[in-house]
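S.K.: One structure coming up, written as structure tokens, with questions to follow.
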Amino acid sequence: MTQIAIVTKWKFVVEFEDWETGEISGTTGQADTQEDCEGMIEYDMQYHTDCGRAIVNVEAGEICAECEGDGQIPIGNGGRVICPACDGHPGPISKMMIRL
């Protein structure tokens with residue numbers, strides 16, 4: 001069996017609650033490597049904490065860079081075909097465990 005490397009990127013979301021208003025919001029971001037993603041998440045968490053917000057959830061996942069984790073790519077006539085890079089794998093290829 002032949003394995004082919006998939007070009008991937010990491011996407012993440014940091015959800016937080018404003019201590020004054022109780023409003024829950026979030027920020028998203030992406031990075032080329034897991035290490036960069038971890039660093040950006042740490043920065044985001046510290047920034048929101050410094051701004052008086054409580055972190056309520058953090059999620060990150062590695063996805064195919066070509067189809068953005070959709071498993072399909074658009075073609076010229078408005079249709080879609082299976083992504084050749086990941087062979088149509090939908091969703092994250094792997095997830096990062098983040099402890100709050």
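Convention: chains lettered A, B, ... in structure tokens order; per-chain residue numbering from 1; ligands numbered from 1 as shown.
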Go through range 1-97 of chain A and collect every residue that DSSP, computed from the backbone, puts in strand (DSSP E or B); the answer should be as a ChimeraX atom specification.
M.R.: /A:8-18,24-31,53-64,72-74,80-82,94-96
S.K.: Mind checking which residues fall within 12 Å of Asp18 in chain A, counting only C-alpha atoms, ignoring those fewer than 4 positions away in the same chain, and posting them as a list in words?
M.R.: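 Neighbouring residues, sequence-local ones excluded: Gly22, Glu23, Ile24, Ser25, Gly26, His48, Thr49, Asp50, Cys51, Gly52, Arg53, Ala54, Ile55 and Val56 of chain A.
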S.K.: Atoms to include: N, CA, C and O atoms. Write the selected residues as a PDB file, in the first residue's frame.
M.R.:
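Result went into result.pdb, see below:
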```pdb
ATOM      1  N   GLY A  22     -21.523  39.065  29.779  1.00  0.00           N
ATOM      2  CA  GLY A  22     -21.952  37.677  29.698  1.00  0.00           C
ATOM      3  C   GLY A  22     -22.080  37.170  28.267  1.00  0.00           C
ATOM      4  O   GLY A  22     -22.492  36.040  28.038  1.00  0.00           O
ATOM      5  N   GLU A  23     -21.713  37.990  27.299  1.00  0.00           N
ATOM      6  CA  GLU A  23     -21.791  37.610  25.885  1.00  0.00           C
ATOM      7  C   GLU A  23     -20.689  36.611  25.543  1.00  0.00           C
ATOM      8  O   GLU A  23     -19.537  36.777  25.934  1.00  0.00           O
ATOM      9  N   ILE A  24     -21.076  35.558  24.809  1.00  0.00           N
ATOM     10  CA  ILE A  24     -20.101  34.570  24.340  1.00  0.00           C
ATOM     11  C   ILE A  24     -19.779  34.842  22.878  1.00  0.00           C
ATOM     12  O   ILE A  24     -20.683  34.984  22.057  1.00  0.00           O
ATOM     13  N   SER A  25     -18.498  34.948  22.586  1.00  0.00           N
ATOM     14  CA  SER A  25     -18.012  35.202  21.227  1.00  0.00           C
ATOM     15  C   SER A  25     -16.828  34.284  20.969  1.00  0.00           C
ATOM     16  O   SER A  25     -16.439  33.505  21.835  1.00  0.00           O
ATOM     17  N   GLY A  26     -16.240  34.417  19.800  1.00  0.00           N
ATOM     18  CA  GLY A  26     -15.088  33.600  19.484  1.00  0.00           C
ATOM     19  C   GLY A  26     -14.212  34.217  18.422  1.00  0.00           C
ATOM     20  O   GLY A  26     -14.628  35.122  17.702  1.00  0.00           O
ATOM     21  N   HIS A  48      -7.380  37.358  25.363  1.00  0.00           N
ATOM     22  CA  HIS A  48      -8.767  37.467  25.824  1.00  0.00           C
ATOM     23  C   HIS A  48      -8.859  37.496  27.347  1.00  0.00           C
ATOM     24  O   HIS A  48      -9.695  38.211  27.906  1.00  0.00           O
ATOM     25  N   THR A  49      -8.002  36.750  28.016  1.00  0.00           N
ATOM     26  CA  THR A  49      -7.966  36.789  29.479  1.00  0.00           C
ATOM     27  C   THR A  49      -7.560  38.184  29.960  1.00  0.00           C
ATOM     28  O   THR A  49      -8.175  38.735  30.873  1.00  0.00           O
ATOM     29  N   ASP A  50      -6.548  38.768  29.318  1.00  0.00           N
ATOM     30  CA  ASP A  50      -6.098  40.118  29.675  1.00  0.00           C
ATOM     31  C   ASP A  50      -7.180  41.170  29.426  1.00  0.00           C
ATOM     32  O   ASP A  50      -7.193  42.209  30.079  1.00  0.00           O
ATOM     33  N   CYS A  51      -8.082  40.898  28.482  1.00  0.00           N
ATOM     34  CA  CYS A  51      -9.169  41.835  28.153  1.00  0.00           C
ATOM     35  C   CYS A  51     -10.411  41.617  29.022  1.00  0.00           C
ATOM     36  O   CYS A  51     -11.464  42.195  28.769  1.00  0.00           O
ATOM     37  N   GLY A  52     -10.303  40.770  30.033  1.00  0.00           N
ATOM     38  CA  GLY A  52     -11.418  40.543  30.939  1.00  0.00           C
ATOM     39  C   GLY A  52     -12.444  39.556  30.421  1.00  0.00           C
ATOM     40  O   GLY A  52     -13.641  39.695  30.666  1.00  0.00           O
ATOM     41  N   ARG A  53     -11.991  38.550  29.730  1.00  0.00           N
ATOM     42  CA  ARG A  53     -12.885  37.529  29.184  1.00  0.00           C
ATOM     43  C   ARG A  53     -12.470  36.162  29.707  1.00  0.00           C
ATOM     44  O   ARG A  53     -11.287  35.900  29.906  1.00  0.00           O
ATOM     45  N   ALA A  54     -13.440  35.289  29.908  1.00  0.00           N
ATOM     46  CA  ALA A  54     -13.168  33.927  30.373  1.00  0.00           C
ATOM     47  C   ALA A  54     -13.199  32.978  29.182  1.00  0.00           C
ATOM     48  O   ALA A  54     -14.170  32.965  28.420  1.00  0.00           O
ATOM     49  N   ILE A  55     -12.162  32.196  29.007  1.00  0.00           N
ATOM     50  CA  ILE A  55     -12.109  31.216  27.920  1.00  0.00           C
ATOM     51  C   ILE A  55     -13.070  30.080  28.270  1.00  0.00           C
ATOM     52  O   ILE A  55     -12.985  29.503  29.352  1.00  0.00           O
ATOM     53  N   VAL A  56     -13.996  29.762  27.356  1.00  0.00           N
ATOM     54  CA  VAL A  56     -14.966  28.696  27.617  1.00  0.00           C
ATOM     55  C   VAL A  56     -14.745  27.464  26.749  1.00  0.00           C
ATOM     56  O   VAL A  56     -15.176  26.370  27.111  1.00  0.00           O
TER      57      VAL A  56
END
```
S.K.: Could you tell me which of A:Glu20, A:Asp32, A:Glu66, A:Asp44 comes closest to Asp87 in chain A if we count only C-alpha atoms?
M.R.: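 Of the candidates, the smallest distance to Asp87 in chain A is held by A:Glu66.
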S.K.: Using only C-alpha atoms, can you tell me which of A:Gly88, A:Cys83, A:Met96, A:Asn77 comes closest to Phe12 in chain A?
M.R.: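 Using only C-alpha atoms, Phe12 in chain A sits closest to A:Met96.
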S.K.: Kindly indicate which residue among A:Cys37, A:Ile82, A:Ile93, A:Ile75 lies nearest to Val58 in chain A, using only C-alpha atoms for the distances.
M.R.: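 Closest to Val58 in chain A of all the choices is A:Cys37.
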S.K.: Have a look at CA of Gln34 in chain A and CA of Ala85 in chain A and let me know their distance in Å, one decimal.
M.R.: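 Computing it gives 19.4 Å between the two atoms.
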S.K.: Excluding Thr33 in chain A and residues on its chain fewer than 2 positions from it, collect all residues at most 12 Å away from it, counting only C-alpha atoms, and give them as a ChimeraX atom specification.
M.R.: /A:7-12,30-31,35-40,60-63,65,96
S.K.: So that I have them on file, write out the residues from the current selection with C-alpha atoms, as a PDB file, in the first residue's frame.
M.R.:
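Below is the file out.pdb, written as the result:
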```
ATOM      1  CA  VAL A   7      -0.537  19.117   2.450  1.00  0.00           C
ATOM      2  CA  THR A   8      -2.405  20.264   5.548  1.00  0.00           C
ATOM      3  CA  LYS A   9      -2.998  23.300   7.696  1.00  0.00           C
ATOM      4  CA  TRP A  10      -4.408  23.812  11.161  1.00  0.00           C
ATOM      5  CA  LYS A  11      -7.548  25.784  11.971  1.00  0.00           C
ATOM      6  CA  PHE A  12      -8.675  26.759  15.445  1.00  0.00           C
ATOM      7  CA  GLN A  30      -5.159  29.137  11.010  1.00  0.00           C
ATOM      8  CA  ALA A  31      -1.527  28.091  10.914  1.00  0.00           C
ATOM      9  CA  GLU A  35       3.462  24.165  16.698  1.00  0.00           C
ATOM     10  CA  ASP A  36       2.433  27.504  15.144  1.00  0.00           C
ATOM     11  CA  CYS A  37      -1.208  26.697  15.898  1.00  0.00           C
ATOM     12  CA  GLU A  38      -0.429  25.965  19.551  1.00  0.00           C
ATOM     13  CA  GLY A  39       1.448  29.265  19.833  1.00  0.00           C
ATOM     14  CA  MET A  40      -1.380  31.244  18.259  1.00  0.00           C
ATOM     15  CA  ALA A  60      -8.231  22.896  16.744  1.00  0.00           C
ATOM     16  CA  GLY A  61      -8.036  20.519  13.817  1.00  0.00           C
ATOM     17  CA  GLU A  62      -5.703  19.637  10.974  1.00  0.00           C
ATOM     18  CA  ILE A  63      -7.410  19.783   7.574  1.00  0.00           C
ATOM     19  CA  ALA A  65      -5.074  22.567   2.642  1.00  0.00           C
ATOM     20  CA  MET A  96      -5.600  18.763  18.918  1.00  0.00           C
TER      21      MET A  96
END
```
S.K.: So which one's closest to His89 in chain A, A:Gly71, A:Asn57, A:Gly76, A:Phe16? Using only C-alpha atoms, please.
M.R.: A:Gly71
S.K.: So what do you get for CA of Val14 in chain A versus CA of Gln72 in chain A, distance-wise?
M.R.: 26.4 Å
S.K.: As a list in words, please: the residues near Asp70 in chain A (cut-off 7 Å, only C-alpha atoms, same-chain neighbours under 2 positions excluded).
M.R.: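 That gives Cys67, Glu68, Gln72, Pro90 and Gly91 of chain A.
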S.K.: Could you tell me, as a PyMOL selection string, which residues of range 25-97 of chain A DSSP assigns to alpha helix (DSSP H) when given the backbone?
M.R.: chain A and resi 34-50
S.K.: A:Gly29, A:Glu42, A:Glu15, A:Glu59: which is nearest Ile98 in chain A, counting only C-alpha atoms?
M.R.: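 Among the listed residues, A:Glu59 lies closest to Ile98 in chain A.
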